[in-house]
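Structure first, commentary second.
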Protein chains: 2
Amino acid sequence: MPASLQTELKQTRPFPSRISEAFVSILRTAAVLDHQLSEALRPFGITPTQHNVLRILRGAGASGLCGREIAERMVARVPDVPRMLDRLETMRLIGRRRDPEDRRHVTATITARGLEILDAVRPAVDAVERARLGRLSERTLVGLIEGLAAVRDGA
Amino acid sequence: MPASLQTELKQTRPFPSRISEAFVSILRTAAVLDHQLSEALRPFGITPTQHNVLRILRGAGASGLCGREIAERMVARVPDVPRMLDRLETMRLIGRRRDPEDRRHVTATITARGLEILDAVRPAVDAVERARLGRLSERTLVGLIEGLAAVRDGA
DNA sequence: TGACAATCAATGTTATAACATATAATATGG
DNA sequence: CCATATTATATGTTATAACATTGATTGTCA
């Protein structure tokens with residue numbers, strides 16, 4: 001039996017409303033997942049944010065994406081995209097070049113080493129996903145996905 | 001109609017599994033909520049983390065709580081509790097004193113000013129909660145709360 | 001009791017996030 | 001075609017997060 005959020009956070013009083021409870025539930029659950037993901041990635045020397053960028057660039061393929069496009073696709077909004085990409089470039093996981101078509105853009109692409117690290121971390125990432133979500137029924141998963149989409153949409 | 005997460009993040013490929021989609025859905029939704037909350041609190045000069053601490057200390061009342069107890073109750077784990085409390089103390093929103101019973105502990109309590117700011121931010125915080133979750137049915141809210149509890153539990 | 005382990009908080013340090021502003025390139029309107 | 005606005009990235013700075021270590025206090029048990 002899963003513990004109630006109230007018990008989990010040792011709250012002396014019940015939530016004032018179901019809306020508040022759901023709000024905190026989402027934030028709390030994400031914090032747990034982010035922490036687990038972070039621990040799983042640690043041995044490989046990358047953070048969840050960096051992992052996210054690498055997956056985005058893998059999806060973009062050889063043509064790559066510019067900083068603004070990467071920012072749009074990230075799970076969590078990040079200010080200071082240039083310096084985040086700096087770090088990935090220093091690690092040789094991505095490459096950057098100015099777009100000759102529009103010299104304002106800097107196109108980032110994933111390197112072979114970036115692809116290798118994505119392959120390497122995959123079992124650990126999958127394990128975290130399965131550890132937390134593997135026992136939920138298909139129906140529950142779909143309910144979560146749809147409910148959360150409605151929350152983001154505010155409708 | 002809520003947009004799919006795939007569309008929202010401009011992904012070219014569908015999620016490999018419902019588990020992955022639910023995993024990212026939770027992280028993405030929390031990022032949206034955290035951002036909205038952060039913006040709502042900004043005019044008052046406090047962050048979501050600080051807001052969380054103040055609510056915890058309000059719940060604890062005059063007896064207060066020590067750093068470890070605060071950490072246990074936070075929605076997101078924070079390392080470096082002492083310096084987070086330093087900032088709140090500098091803002092005069094909390095007070096700290098060494099527990100004479102056990103001099104290892106430092107008991108933090110919320111100040112009158114801390115209580116005032118909690119009252120002041122409440123309409124803004126409620127507005128964010130309602131904007132995102134206000135249109136969801138009771139049944140959907142309960143489904144989310146229970147589903148997310150199962151995710152945290154891994155069962 | 002006295003050594004040792006465990007618990008908390010504080011501190012030193014580095015890394016990253018966050019914010020404001022600047023620089024460069026392109027688009028737009030007269 | 002020039003002045004201006006807009007877009008994109010870069011940079012300077014400060015604040016906070018994250019991590020490791022230290023110091024002080026208390027608990028445990030031989």
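Residues are named by chain letter and number: chains run A, B, ... in the order of the structure tokens, numbers start at 1 in each chain, and ligands are numbered from 1 in the order shown.
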
DSSP on the backbone: which residues in chain A end up as strand (DSSP E)? Give the answer as a CSV table (one decimal) with C-alpha atoms, in the first residue's frame.
chain,number,residue,atom,x,y,z
A,65,LEU,CA,19.5,22.2,-33.9
A,66,CYS,CA,20.2,25.7,-32.8
A,94,ILE,CA,28.4,17.7,-29.0
A,95,GLY,CA,29.9,19.8,-31.7
A,96,ARG,CA,28.9,23.4,-32.7
A,97,ARG,CA,29.3,25.4,-35.8
A,98,ARG,CA,27.8,28.7,-37.0
A,106,VAL,CA,24.8,28.1,-33.9
A,107,THR,CA,23.9,24.6,-34.9
A,108,ALA,CA,24.7,21.9,-32.4
A,109,THR,CA,25.1,18.2,-33.3
A,110,ILE,CA,25.7,15.1,-31.3

### At most 8 Å to chain A: residues in chain B, only C-alpha atoms, as an MDAnalysis selection string
chainID B and resid 2:5 8:13 18:34 59 72:77 129:136 138 140:145 147:155

Give me, as JSON lines, the closest atom pair and its distance (Å, one decimal) for every residue of chain A within a cut-off of 8 Å of chain D, counting only C-alpha atoms (C1' of nucleotides), rows sorted by chain and rising number.
{"residue": "A:Arg68", "atom": "CA", "partner": "D:DA8", "partner_atom": "C1'", "distance": 7.6}
{"residue": "A:Pro82", "atom": "CA", "partner": "D:DT9", "partner_atom": "C1'", "distance": 6.9}
{"residue": "A:Arg104", "atom": "CA", "partner": "D:DA8", "partner_atom": "C1'", "distance": 5.2}
{"residue": "A:His105", "atom": "CA", "partner": "D:DA8", "partner_atom": "C1'", "distance": 6.0}
{"residue": "A:Val106", "atom": "CA", "partner": "D:DT9", "partner_atom": "C1'", "distance": 7.6}

Could those selected residues go to a file with N, CA and C atoms, as a tab-separated table (two decimals), in the first residue's frame?
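Contents of selection_8.tsv, freshly written:
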chain	number	residue	atom	x	y	z
A	68	ARG	N	18.03	27.89	-29.59
A	68	ARG	CA	16.64	28.20	-29.30
A	68	ARG	C	15.77	26.97	-29.50
A	82	PRO	N	23.78	28.76	-23.97
A	82	PRO	CA	25.16	28.71	-24.48
A	82	PRO	C	26.14	28.02	-23.54
A	104	ARG	N	23.53	34.16	-37.12
A	104	ARG	CA	23.15	34.31	-35.72
A	104	ARG	C	23.03	32.96	-35.04
A	105	HIS	N	22.65	31.96	-35.84
A	105	HIS	CA	22.42	30.62	-35.29
A	105	HIS	C	23.72	29.85	-35.11
A	106	VAL	N	23.75	29.08	-34.04
A	106	VAL	CA	24.83	28.12	-33.85
A	106	VAL	C	24.20	26.74	-33.81

### Task
Find, counting only C-alpha atoms, the residue in A:Arg103, A:Ala62, A:Gly67, A:Arg55 that gets nearest to Glu116 in chain A.
A:Arg55

Quick one: which chain C residues come within 9 Å of chain B, and what is the nearest atom pair for each with the distance in Å to one decimal, counting only C-alpha atoms (C1' of nucleotides), rows ordered by chain and ascending number, as CSV?
residue,atom,partner,partner_atom,distance
C:DT7,C1',B:Arg104,CA,7.9
C:DC8,C1',B:Arg104,CA,5.3
C:DA9,C1',B:Arg104,CA,6.8
C:DA10,C1',B:Pro82,CA,7.2

#### Entry: helix (DSSP H, G or I) positions in range 9-147 of chain B, given as a ChimeraX atom specification
/B:18-44,48-63,67-73,81-90,112-133,138-147

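Atom pair CA of Arg113 in chain B / CA of Leu93 in chain B: separated by 5.6 Å.
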
Go ahead and align chain A to chain B (same sequence, so just pair every C-alpha in order, least squares) and export the moved chain as a CSV table (one decimal) with C-alpha atoms, in the first residue's frame.
chain,number,residue,atom,x,y,z
A,1,MET,CA,-8.0,19.5,-26.4
A,2,PRO,CA,-4.7,19.2,-24.6
A,3,ALA,CA,-1.7,18.9,-26.9
A,4,SER,CA,0.3,15.6,-26.7
A,5,LEU,CA,3.6,15.7,-25.0
A,6,GLN,CA,5.2,14.7,-28.2
A,7,THR,CA,3.8,17.7,-30.0
A,8,GLU,CA,4.6,20.0,-27.0
A,9,LEU,CA,8.3,19.1,-27.1
A,10,LYS,CA,8.3,19.0,-30.9
A,11,GLN,CA,9.5,15.4,-30.9
A,12,THR,CA,9.8,13.8,-34.3
A,13,ARG,CA,9.3,10.3,-33.0
A,14,PRO,CA,6.7,8.8,-30.6
A,15,PHE,CA,7.7,7.7,-27.2
A,16,PRO,CA,9.2,4.2,-27.1
A,17,SER,CA,6.8,3.1,-24.4
A,18,ARG,CA,4.0,4.3,-22.2
A,19,ILE,CA,6.3,4.1,-19.3
A,20,SER,CA,8.8,6.5,-20.9
A,21,GLU,CA,6.0,8.8,-21.8
A,22,ALA,CA,4.5,8.8,-18.3
A,23,PHE,CA,8.0,9.4,-16.8
A,24,VAL,CA,8.6,12.4,-19.0
A,25,SER,CA,5.1,13.6,-18.5
A,26,ILE,CA,5.6,13.8,-14.7
A,27,LEU,CA,8.9,15.7,-15.0
A,28,ARG,CA,7.5,18.1,-17.7
A,29,THR,CA,4.4,18.9,-15.7
A,30,ALA,CA,6.3,19.5,-12.6
A,31,ALA,CA,8.6,21.9,-14.4
A,32,VAL,CA,5.6,23.8,-15.7
A,33,LEU,CA,4.1,24.0,-12.2
A,34,ASP,CA,7.4,25.0,-10.6
A,35,HIS,CA,7.9,27.7,-13.1
A,36,GLN,CA,4.4,29.1,-12.6
A,37,LEU,CA,4.8,29.0,-8.8
A,38,SER,CA,8.2,30.6,-9.1
A,39,GLU,CA,6.7,33.5,-11.1
A,40,ALA,CA,3.8,33.9,-8.7
A,41,LEU,CA,6.2,34.1,-5.7
A,42,ARG,CA,8.7,36.4,-7.4
A,43,PRO,CA,7.0,39.7,-6.5
A,44,PHE,CA,7.2,38.7,-2.9
A,45,GLY,CA,10.9,37.9,-3.0
A,46,ILE,CA,10.8,34.3,-2.1
A,47,THR,CA,11.4,31.0,-4.0
A,48,PRO,CA,9.3,27.9,-4.1
A,49,THR,CA,11.9,26.2,-1.8
A,50,GLN,CA,11.7,29.0,0.7
A,51,HIS,CA,7.9,29.0,0.5
A,52,ASN,CA,7.9,25.3,1.2
A,53,VAL,CA,10.1,25.8,4.3
A,54,LEU,CA,7.9,28.6,5.6
A,55,ARG,CA,4.8,26.4,5.3
A,56,ILE,CA,6.6,23.6,7.1
A,57,LEU,CA,7.5,25.8,10.0
A,58,ARG,CA,4.1,27.3,10.2
A,59,GLY,CA,2.8,23.8,10.5
A,60,ALA,CA,5.3,23.1,13.3
A,61,GLY,CA,4.1,26.2,15.3
A,62,ALA,CA,6.0,27.7,18.2
A,63,SER,CA,8.0,24.6,19.0
A,64,GLY,CA,9.7,24.7,15.6
A,65,LEU,CA,11.8,22.1,13.9
A,66,CYS,CA,15.5,21.3,13.5
A,67,GLY,CA,17.2,21.3,10.2
A,68,ARG,CA,17.0,17.5,9.6
A,69,GLU,CA,13.3,17.5,10.3
A,70,ILE,CA,12.8,20.3,7.9
A,71,ALA,CA,14.8,18.4,5.2
A,72,GLU,CA,12.6,15.3,5.7
A,73,ARG,CA,9.4,17.3,5.1
A,74,MET,CA,10.5,19.2,2.0
A,75,VAL,CA,8.9,18.5,-1.3
A,76,ALA,CA,12.3,18.5,-3.0
A,77,ARG,CA,15.4,17.3,-1.2
A,78,VAL,CA,17.8,20.1,-0.5
A,79,PRO,CA,21.5,19.7,0.4
A,80,ASP,CA,23.0,22.5,2.5
A,81,VAL,CA,20.0,23.2,4.8
A,82,PRO,CA,22.1,25.5,7.0
A,83,ARG,CA,22.7,28.1,4.3
A,84,MET,CA,19.2,27.9,3.0
A,85,LEU,CA,18.0,28.7,6.6
A,86,ASP,CA,20.7,31.5,6.7
A,87,ARG,CA,19.0,33.3,3.9
A,88,LEU,CA,15.5,33.0,5.5
A,89,GLU,CA,17.0,34.3,8.8
A,90,THR,CA,18.6,37.2,7.0
A,91,MET,CA,15.2,38.1,5.6
A,92,ARG,CA,13.8,37.8,9.1
A,93,LEU,CA,11.3,35.2,8.1
A,94,ILE,CA,12.6,32.6,10.5
A,95,GLY,CA,14.5,32.6,13.8
A,96,ARG,CA,17.0,30.0,15.0
A,97,ARG,CA,18.2,29.0,18.4
A,98,ARG,CA,20.3,26.1,19.7
A,99,ASP,CA,18.2,23.5,21.4
A,100,PRO,CA,19.4,23.4,25.1
A,101,GLU,CA,18.3,19.8,25.4
A,102,ASP,CA,20.6,18.7,22.6
A,103,ARG,CA,23.0,21.3,21.6
A,104,ARG,CA,23.6,19.7,18.2
A,105,HIS,CA,20.2,20.7,17.1
A,106,VAL,CA,19.3,24.2,15.9
A,107,THR,CA,15.6,24.8,16.2
A,108,ALA,CA,14.0,27.0,13.5
A,109,THR,CA,10.7,28.8,14.0
A,110,ILE,CA,8.7,31.0,11.7
A,111,THR,CA,8.5,34.7,12.7
A,112,ALA,CA,5.5,37.0,12.6
A,113,ARG,CA,6.9,38.4,9.3
A,114,GLY,CA,7.2,34.9,7.9
A,115,LEU,CA,3.5,34.3,8.7
A,116,GLU,CA,2.6,37.6,7.1
A,117,ILE,CA,4.4,36.7,3.9
A,118,LEU,CA,2.6,33.4,3.8
A,119,ASP,CA,-0.7,35.1,4.1
A,120,ALA,CA,0.3,37.6,1.5
A,121,VAL,CA,1.4,35.1,-1.1
A,122,ARG,CA,-1.6,32.8,-0.6
A,123,PRO,CA,-3.9,34.3,-3.2
A,124,ALA,CA,-1.2,34.1,-5.8
A,125,VAL,CA,-0.4,30.5,-5.0
A,126,ASP,CA,-4.0,29.5,-4.9
A,127,ALA,CA,-4.5,31.2,-8.3
A,128,VAL,CA,-1.7,29.1,-9.8
A,129,GLU,CA,-3.2,25.9,-8.4
A,130,ARG,CA,-6.6,26.7,-9.7
A,131,ALA,CA,-5.4,27.9,-13.1
A,132,ARG,CA,-3.8,24.5,-13.7
A,133,LEU,CA,-6.0,22.1,-11.7
A,134,GLY,CA,-9.2,23.9,-11.2
A,135,ARG,CA,-11.0,22.4,-14.2
A,136,LEU,CA,-10.1,18.8,-13.5
A,137,SER,CA,-12.9,16.6,-12.1
A,138,GLU,CA,-12.7,15.3,-8.6
A,139,ARG,CA,-12.3,11.8,-10.1
A,140,THR,CA,-9.4,12.9,-12.2
A,141,LEU,CA,-7.7,14.6,-9.3
A,142,VAL,CA,-8.0,11.5,-7.2
A,143,GLY,CA,-6.7,9.4,-10.0
A,144,LEU,CA,-3.6,11.6,-10.3
A,145,ILE,CA,-3.0,11.6,-6.6
A,146,GLU,CA,-3.3,7.8,-6.3
A,147,GLY,CA,-1.3,7.1,-9.5
A,148,LEU,CA,1.5,9.4,-8.4
A,149,ALA,CA,1.6,7.8,-5.0
A,150,ALA,CA,2.0,4.5,-6.7
A,151,VAL,CA,4.9,5.9,-8.8
A,152,ARG,CA,6.7,7.2,-5.8
A,153,ASP,CA,6.2,3.8,-4.1
A,154,GLY,CA,7.3,1.9,-7.2
A,155,ALA,CA,4.4,-0.5,-6.7
